Amino acid sequence: MIHRRIALAVSLATTTAGAVAAPQSFTTARSFAMGGTGVAVAHPASANTANPAMLAMGQHDWADEFGLILPSINARLADDEEVIDQIDDIQDTIDTINAQIDTLDTAAISDSAGRLQSQLEALNRDTMRADAGVGLSLALPTSGVSVGVFTNASVRATGRGDVSDSDLALLEAIQNNPALATTITDIGDILTSEGTAYAAAVGEVGVSFAKTFQMSDDNQLAIGLSPKYVQLRTYEYNRRVSDFEDDDFDADENETDKSGFNADLGAAYRFGESQAWTAGLSVRNIIPMDLDSRSGRTFELDPRVTAGIAHHGDIHAVTAEIDLTEAEAFGFGDDTQWAALGGELDVFRAVQLRAGLRHNLASNDDNSGVEEDTLYTFGLGFSPYGAHLELSGLVSDTETGAAVELGAAF
C-alpha cells in the first residue's frame with residue numbers, strides 16, 4: 001500500500017538523520033511549494049540548505065533577525081504500477097497454489113497457475129520510487145556575520161520486479177498438466193523471479209556563515225559558507241518474489257555507509273533601483289564523494305551548481321533557477337537537472353499562497369526507472385505572530401507528494 005512505501009522511505013531518512021543528518025536535495029516546505037526553488041529567494045532558516053549566502057541577505061523586517069524550522073518533512077511517491085502490492089498478490093497466489101497441491105485439486109491448480117502467470121507478466125520490469133526528507137534549521141542573521149545551524153536527511157528508494165522466462169514456461173506447463181505440480185512441495189521455492197530494491201541516503205549536519213558587503217552603487221553582495229559532516233548510505237535488497245519482504249529492506253546486511261567532511265558555497269547579489277532583484281549561485285557538496293553498494297553499484301554525490309534570480313516586493317516573490325550540473329541516478333531512477341519557476345503571494349503577512357513548476361532537463365525515456373519529467377507544486381503558509389505552518393503539495397504524470405513544516409521567524 002502507499003503508506004507502506006512512504007513509511008519505508010521516511011524511516012530510512014529518520015535513521016540517517018539520527019546518525020548525522022541531511023539530504024542531497026532536501027528542500028523546506030516553502031521551497032517544495034515553489035518548484036523546489038530557493039537559491040535567490042530563501043528565507044534565513046531555509047538558506048542553510050538552499051544557498052548559505054541568503055542567510056545574510058536582507059529580508060522583510062519581520063523575518064531578518066531569527067529563523068527556526070522544527071521540523072520540515074516531505075515525501076514523494078511514484079508507483080502507478082503498485083509494485084509492492086503486486087508482489088503481495090503474487091505471494092498470496094503462491095500460498096493458494098501450495099494449499100491446492102496439498103489437497104490434489106488439479107482443476108484449481110491449473111486456474112491458479114494461469115493467474116500467477118498473468119501476475120508475473122504484469123510485474124515484469126514494473127518500477128516504483130519513493131522519496132522522503134526531514135530537516136531542522138536555526139538561523140541568526142546579524143549586521144555582522146550571520147550564523148546558522150542545520151541538520152537534515154533525505155533518501156530515495158526504488159524497486160523493480162524481474163520475471164524469469166523459466167517461471168512463465170513452468171506455469172504454462174502446469175496449466176496444461178496440473179499433475180506436474182503435485183510433485184512440488186512449495187512452488188515458491190522453484191520460482192526464480194525476483195524483486196530488487198535500492199536506496200541511497202544522504203545525511204548531514206553543519207553550520208553556516210554568511211556576510212553581506214555593501215557595494216559602491218548601493219547594491220549588496222552576500223557570501224556564504226556551510227561546512228558540514230556528511231554520511232552516505234546505500235541499501236540493496238534482492239530476493240525471490242516468494243520471499244520478498246519490504247520490512248527487511250533496511251537490515252544491516254543490506255547496508256553500506258561512508259562519512260566525511262564537505263561544504264556548500266553560496267553567493268547572492270541584490271540590485272536594482274529599489275533593490276528588488278536578487279541573483280543567487282550555490283555550489284552544494286564541493287568535494288565529490290561516492291559509495292559502493294553491496295553488489296558494487298556506485299552512488300555518487302558530486303558538486304551541484306545552481307543559479308537563480310528572483311524579484312521581491314512587499315507582497316510577492318517570483319523566482320527562476322536552473323541546475324548547471326546533472327545528477328546521475330542511483331538504482332532504478334532518472335538522471336536529473338532541474339529548471340524551476342516559483343511564486344509567492346503574501347496576504348497581510350498572515351497567509352502565503354505559493355505555486356511552482358519544476359522540469360527535468362535530463363529526463364529521457366531510456367532511463368532505468370520511473371521517469372521524472374515535469375512537476376507541479378503548490379502550497380499554503382500560515383504565519384500569525386511570527387509562528388508559521390507550511391503545507392505543500394506536488395503532482396505530476398507519475399507521482400504525488402506533500403510537505404509540512406513548523407517554525408518561526410521574526
# chains A, B, ... in the order shown; residues from 1 in each chain; ligands from 1
$ residues_around --residues "Thr28 in chain A" --least-positions-apart "2" --cutoff "7 Å" --atoms "only C-alpha atoms" --output "VMD selection string"
chain A and resid 26 30 to 32 46 72
$ residues_around --residues "Phe299 in chain A" --least-positions-apart "6" --cutoff "8 Å" --atoms "only C-alpha atoms" --output "list of chain:residue names"
A:Ala200, A:Thr234, A:Asp290, A:Leu291, A:Asp292, A:Ser293, A:Phe330
$ residues_around --residues "Leu345 in chain A" --least-positions-apart "6" --cutoff "8 Å" --atoms "only C-alpha atoms" --output "PDB file with N, CA, C and O atoms, in the first residue's frame"
ATOM      1  N   ILE A 315       4.519  42.252  -1.182  1.00  0.00           N
ATOM      2  CA  ILE A 315       3.534  41.169  -1.071  1.00  0.00           C
ATOM      3  C   ILE A 315       3.801  40.021  -2.039  1.00  0.00           C
ATOM      4  O   ILE A 315       2.976  39.109  -2.163  1.00  0.00           O
ATOM      5  N   HIS A 316       4.948  40.023  -2.721  1.00  0.00           N
ATOM      6  CA  HIS A 316       5.179  38.951  -3.681  1.00  0.00           C
ATOM      7  C   HIS A 316       6.659  38.586  -3.760  1.00  0.00           C
ATOM      8  O   HIS A 316       7.538  39.369  -3.375  1.00  0.00           O
ATOM      9  N   ALA A 317       6.895  37.403  -4.284  1.00  0.00           N
ATOM     10  CA  ALA A 317       8.226  36.960  -4.694  1.00  0.00           C
ATOM     11  C   ALA A 317       8.040  36.023  -5.875  1.00  0.00           C
ATOM     12  O   ALA A 317       7.184  35.133  -5.843  1.00  0.00           O
ATOM     13  N   GLN A 352       0.269  32.909   3.099  1.00  0.00           N
ATOM     14  CA  GLN A 352       1.070  32.936   1.874  1.00  0.00           C
ATOM     15  C   GLN A 352       0.538  31.874   0.904  1.00  0.00           C
ATOM     16  O   GLN A 352       0.329  30.722   1.288  1.00  0.00           O
ATOM     17  N   LEU A 353       0.298  32.310  -0.324  1.00  0.00           N
ATOM     18  CA  LEU A 353      -0.144  31.413  -1.391  1.00  0.00           C
ATOM     19  C   LEU A 353       1.042  31.167  -2.315  1.00  0.00           C
ATOM     20  O   LEU A 353       1.686  32.117  -2.773  1.00  0.00           O
ATOM     21  N   ARG A 354       1.317  29.894  -2.634  1.00  0.00           N
ATOM     22  CA  ARG A 354       2.519  29.564  -3.398  1.00  0.00           C
ATOM     23  C   ARG A 354       2.200  28.580  -4.514  1.00  0.00           C
ATOM     24  O   ARG A 354       1.290  27.767  -4.412  1.00  0.00           O
TER      25      ARG A 354
END
$ residues_around --residues "range 134-146 of chain A" --least-positions-apart "4" --cutoff "7 Å" --atoms "only C-alpha atoms" --output "tab-separated table (two decimals) with all heavy atoms, in the first residue's frame"
chain	number	residue	atom	x	y	z
A	13	ALA	N	15.07	7.80	6.08
A	13	ALA	CA	15.54	9.18	6.26
A	13	ALA	C	15.75	9.49	7.73
A	13	ALA	O	16.74	10.13	8.11
A	13	ALA	CB	14.52	10.16	5.66
A	22	ALA	N	20.96	15.08	6.98
A	22	ALA	CA	20.81	15.96	5.81
A	22	ALA	C	20.84	15.25	4.48
A	22	ALA	O	21.49	14.24	4.36
A	22	ALA	CB	21.81	17.07	5.81
A	44	PRO	N	16.03	33.10	5.85
A	44	PRO	CA	17.24	32.69	6.58
A	44	PRO	C	17.28	31.23	7.01
A	44	PRO	O	18.29	30.55	6.82
A	44	PRO	CB	17.24	33.65	7.78
A	44	PRO	CG	16.59	34.88	7.26
A	44	PRO	CD	15.52	34.41	6.34
A	45	ALA	N	16.21	30.71	7.61
A	45	ALA	CA	16.25	29.34	8.11
A	45	ALA	C	16.40	28.33	6.99
A	45	ALA	O	17.04	27.29	7.15
A	45	ALA	CB	15.00	29.04	8.93
A	55	LEU	N	21.44	33.65	3.96
A	55	LEU	CA	21.33	33.82	5.41
A	55	LEU	C	21.59	35.27	5.82
A	55	LEU	O	21.00	35.76	6.79
A	55	LEU	CB	22.34	32.88	6.08
A	55	LEU	CG	22.42	32.86	7.60
A	55	LEU	CD1	21.13	32.34	8.20
A	55	LEU	CD2	23.60	31.99	8.04
A	56	ALA	N	22.46	35.96	5.08
A	56	ALA	CA	22.82	37.33	5.43
A	56	ALA	C	22.15	38.37	4.55
A	56	ALA	O	22.32	39.57	4.78
A	56	ALA	CB	24.35	37.50	5.33
A	64	ASP	N	14.08	38.89	9.54
A	64	ASP	CA	15.51	39.01	9.30
A	64	ASP	C	16.34	39.03	10.58
A	64	ASP	O	17.50	39.42	10.57
A	64	ASP	CB	15.81	40.26	8.47
A	64	ASP	CG	15.37	41.54	9.16
A	64	ASP	OD1	14.83	41.46	10.28
A	64	ASP	OD2	15.58	42.62	8.57
A	65	GLU	N	15.76	38.59	11.72
A	65	GLU	CA	16.51	38.54	12.96
A	65	GLU	C	16.62	37.13	13.54
A	65	GLU	O	17.52	36.84	14.30
A	65	GLU	CB	15.86	39.47	14.00
A	65	GLU	CG	15.92	40.95	13.62
A	65	GLU	CD	15.32	41.82	14.70
A	65	GLU	OE1	14.79	41.27	15.69
A	65	GLU	OE2	15.37	43.05	14.54
A	66	PHE	N	15.67	36.26	13.18
A	66	PHE	CA	15.66	34.92	13.74
A	66	PHE	C	14.83	34.02	12.84
A	66	PHE	O	13.78	34.42	12.34
A	66	PHE	CB	15.06	34.94	15.15
A	66	PHE	CG	14.88	33.59	15.77
A	66	PHE	CD1	15.93	32.96	16.41
A	66	PHE	CD2	13.65	32.93	15.71
A	66	PHE	CE1	15.77	31.71	17.00
A	66	PHE	CE2	13.48	31.68	16.30
A	66	PHE	CZ	14.55	31.08	16.94
A	67	GLY	N	15.30	32.81	12.63
A	67	GLY	CA	14.54	31.84	11.85
A	67	GLY	C	14.70	30.45	12.43
A	67	GLY	O	15.80	30.05	12.83
A	68	LEU	N	13.60	29.71	12.48
A	68	LEU	CA	13.62	28.36	13.06
A	68	LEU	C	12.72	27.45	12.25
A	68	LEU	O	11.59	27.81	11.91
A	68	LEU	CB	13.12	28.41	14.51
A	68	LEU	CG	12.97	27.05	15.23
A	68	LEU	CD1	14.34	26.42	15.46
A	68	LEU	CD2	12.22	27.23	16.54
A	69	ILE	N	13.23	26.27	11.92
A	69	ILE	CA	12.43	25.20	11.30
A	69	ILE	C	12.50	24.00	12.23
A	69	ILE	O	13.58	23.49	12.51
A	69	ILE	CB	12.95	24.84	9.91
A	69	ILE	CG1	12.76	26.01	8.95
A	69	ILE	CG2	12.25	23.60	9.38
A	69	ILE	CD1	13.38	25.79	7.58
A	70	LEU	N	11.32	23.53	12.70
A	70	LEU	CA	11.31	22.48	13.72
A	70	LEU	C	10.01	21.67	13.64
A	70	LEU	O	9.07	21.93	14.39
A	70	LEU	CB	11.44	23.12	15.11
A	70	LEU	CG	11.63	22.19	16.30
A	70	LEU	CD1	13.01	21.57	16.24
A	70	LEU	CD2	11.46	22.95	17.61
A	71	PRO	N	9.96	20.66	12.77
A	71	PRO	CA	10.87	20.31	11.68
A	71	PRO	C	10.22	20.61	10.34
A	71	PRO	O	9.12	21.15	10.27
A	71	PRO	CB	10.99	18.80	11.86
A	71	PRO	CG	9.57	18.41	12.26
A	71	PRO	CD	9.01	19.58	13.05
A	72	SER	N	10.88	20.19	9.25
A	72	SER	CA	10.30	20.19	7.91
A	72	SER	C	10.37	18.76	7.40
A	72	SER	O	11.43	18.12	7.46
A	72	SER	CB	11.09	21.13	6.98
A	72	SER	OG	10.48	21.18	5.70
A	73	ILE	N	9.24	18.24	6.90
A	73	ILE	CA	9.16	16.86	6.44
A	73	ILE	C	8.52	16.84	5.07
A	73	ILE	O	7.52	17.53	4.82
A	73	ILE	CB	8.33	16.01	7.41
A	73	ILE	CG1	8.95	16.00	8.81
A	73	ILE	CG2	8.19	14.57	6.90
A	73	ILE	CD1	8.07	15.35	9.86
A	74	ASN	N	9.07	16.07	4.14
A	74	ASN	CA	8.44	15.92	2.84
A	74	ASN	C	8.54	14.49	2.36
A	74	ASN	O	9.42	13.72	2.80
A	74	ASN	CB	9.05	16.88	1.81
A	74	ASN	CG	10.51	16.60	1.53
A	74	ASN	OD1	10.86	15.59	0.91
A	74	ASN	ND2	11.40	17.48	2.02
A	150	PHE	N	22.19	23.57	11.11
A	150	PHE	CA	21.20	22.76	10.42
A	150	PHE	C	21.54	21.28	10.50
A	150	PHE	O	22.69	20.89	10.69
A	150	PHE	CB	21.06	23.17	8.95
A	150	PHE	CG	22.33	22.99	8.15
A	150	PHE	CD1	22.56	21.82	7.41
A	150	PHE	CD2	23.31	23.98	8.12
A	150	PHE	CE1	23.72	21.65	6.68
A	150	PHE	CE2	24.48	23.83	7.38
A	150	PHE	CZ	24.69	22.66	6.66
A	151	THR	N	20.52	20.46	10.36
A	151	THR	CA	20.67	19.02	10.24
A	151	THR	C	19.48	18.50	9.44
A	151	THR	O	18.35	18.92	9.66
A	151	THR	CB	20.75	18.34	11.61
A	151	THR	OG1	20.85	16.93	11.44
A	151	THR	CG2	19.53	18.64	12.47
A	152	ASN	N	19.72	17.63	8.50
A	152	ASN	CA	18.63	17.06	7.71
A	152	ASN	C	19.07	15.77	7.04
A	152	ASN	O	20.25	15.43	7.04
A	152	ASN	CB	18.08	18.06	6.69
A	152	ASN	CG	19.17	18.73	5.90
A	152	ASN	OD1	19.92	18.05	5.20
A	152	ASN	ND2	19.29	20.05	6.01
A	153	ALA	N	18.11	15.06	6.51
A	153	ALA	CA	18.38	13.78	5.84
A	153	ALA	C	17.38	13.55	4.74
A	153	ALA	O	16.23	13.97	4.84
A	153	ALA	CB	18.33	12.64	6.85
A	154	SER	N	17.83	12.90	3.69
A	154	SER	CA	16.90	12.51	2.61
A	154	SER	C	17.27	11.15	2.08
A	154	SER	O	18.42	10.70	2.20
A	154	SER	CB	16.92	13.54	1.47
A	154	SER	OG	18.16	13.55	0.83
A	209	PHE	N	27.83	30.21	7.71
A	209	PHE	CA	28.31	31.56	7.99
A	209	PHE	C	28.10	32.40	6.73
A	209	PHE	O	28.37	31.94	5.62
A	209	PHE	CB	29.79	31.56	8.36
A	209	PHE	CG	30.13	30.66	9.51
A	209	PHE	CD1	30.61	29.38	9.29
A	209	PHE	CD2	29.96	31.09	10.82
A	209	PHE	CE1	30.93	28.54	10.34
A	209	PHE	CE2	30.27	30.26	11.89
A	209	PHE	CZ	30.75	28.99	11.65
A	210	ALA	N	27.63	33.62	6.91
A	210	ALA	CA	27.40	34.48	5.76
A	210	ALA	C	27.60	35.94	6.16
A	210	ALA	O	27.38	36.32	7.31
A	210	ALA	CB	25.99	34.28	5.21
A	211	LYS	N	28.02	36.73	5.18
A	211	LYS	CA	28.22	38.16	5.43
A	211	LYS	C	27.85	38.94	4.18
A	211	LYS	O	28.12	38.50	3.06
A	211	LYS	CB	29.67	38.45	5.81
A	211	LYS	CG	29.93	39.92	6.14
A	211	LYS	CD	31.31	40.14	6.68
A	211	LYS	CE	31.58	41.62	6.95
A	211	LYS	NZ	30.59	42.22	7.86
$ closest_residue --among "A:Gln275, A:Glu253, A:Gly188, A:Ser193" --to "Asp217 in chain A" --atoms "only C-alpha atoms"
A:Gln275
$ residues_around --residues "range 173-178 of chain A" --least-positions-apart "2" --cutoff "12 Å" --atoms "only C-alpha atoms" --output "PyMOL selection string"
chain A and resi 97+100-101+104-118+166-171+180-184+187
$ residues_around --residues "Ala29 in chain A" --least-positions-apart "5" --cutoff "12 Å" --atoms "only C-alpha atoms" --output "count of residues only"
41
$ closest_residue --among "A:Ala197, A:Leu225, A:Ala279, A:Ala33" --to "Asn254 in chain A" --atoms "only C-alpha atoms"
A:Ala197
$ residues_around --residues "Asn51 in chain A" --least-positions-apart "6" --cutoff "7 Å" --atoms "only C-alpha atoms" --output "ChimeraX atom specification"
/A:39,266,282
$ atom_distance --atom1 "CA of Asn360 in chain A" --atom2 "CA of Ser396 in chain A"
11.8 Å
$ atom_distance --atom1 "CA of Gly386 in chain A" --atom2 "CA of Phe348 in chain A"
12.5 Å
$ select_by_dssp --residues "range 40-82 of chain A" --states "strand (DSSP E)" --output "PyMOL selection string"
chain A and resi 67-78
$ closest_residue --among "A:Asp162, A:Asp85, A:Glu328, A:Glu236" --to "Glu300 in chain A" --atoms "only C-alpha atoms"
A:Glu328
$ closest_residue --among "A:Val83, A:Ala53, A:Ala40, A:Val318" --to "Val147 in chain A" --atoms "only C-alpha atoms"
A:Ala53
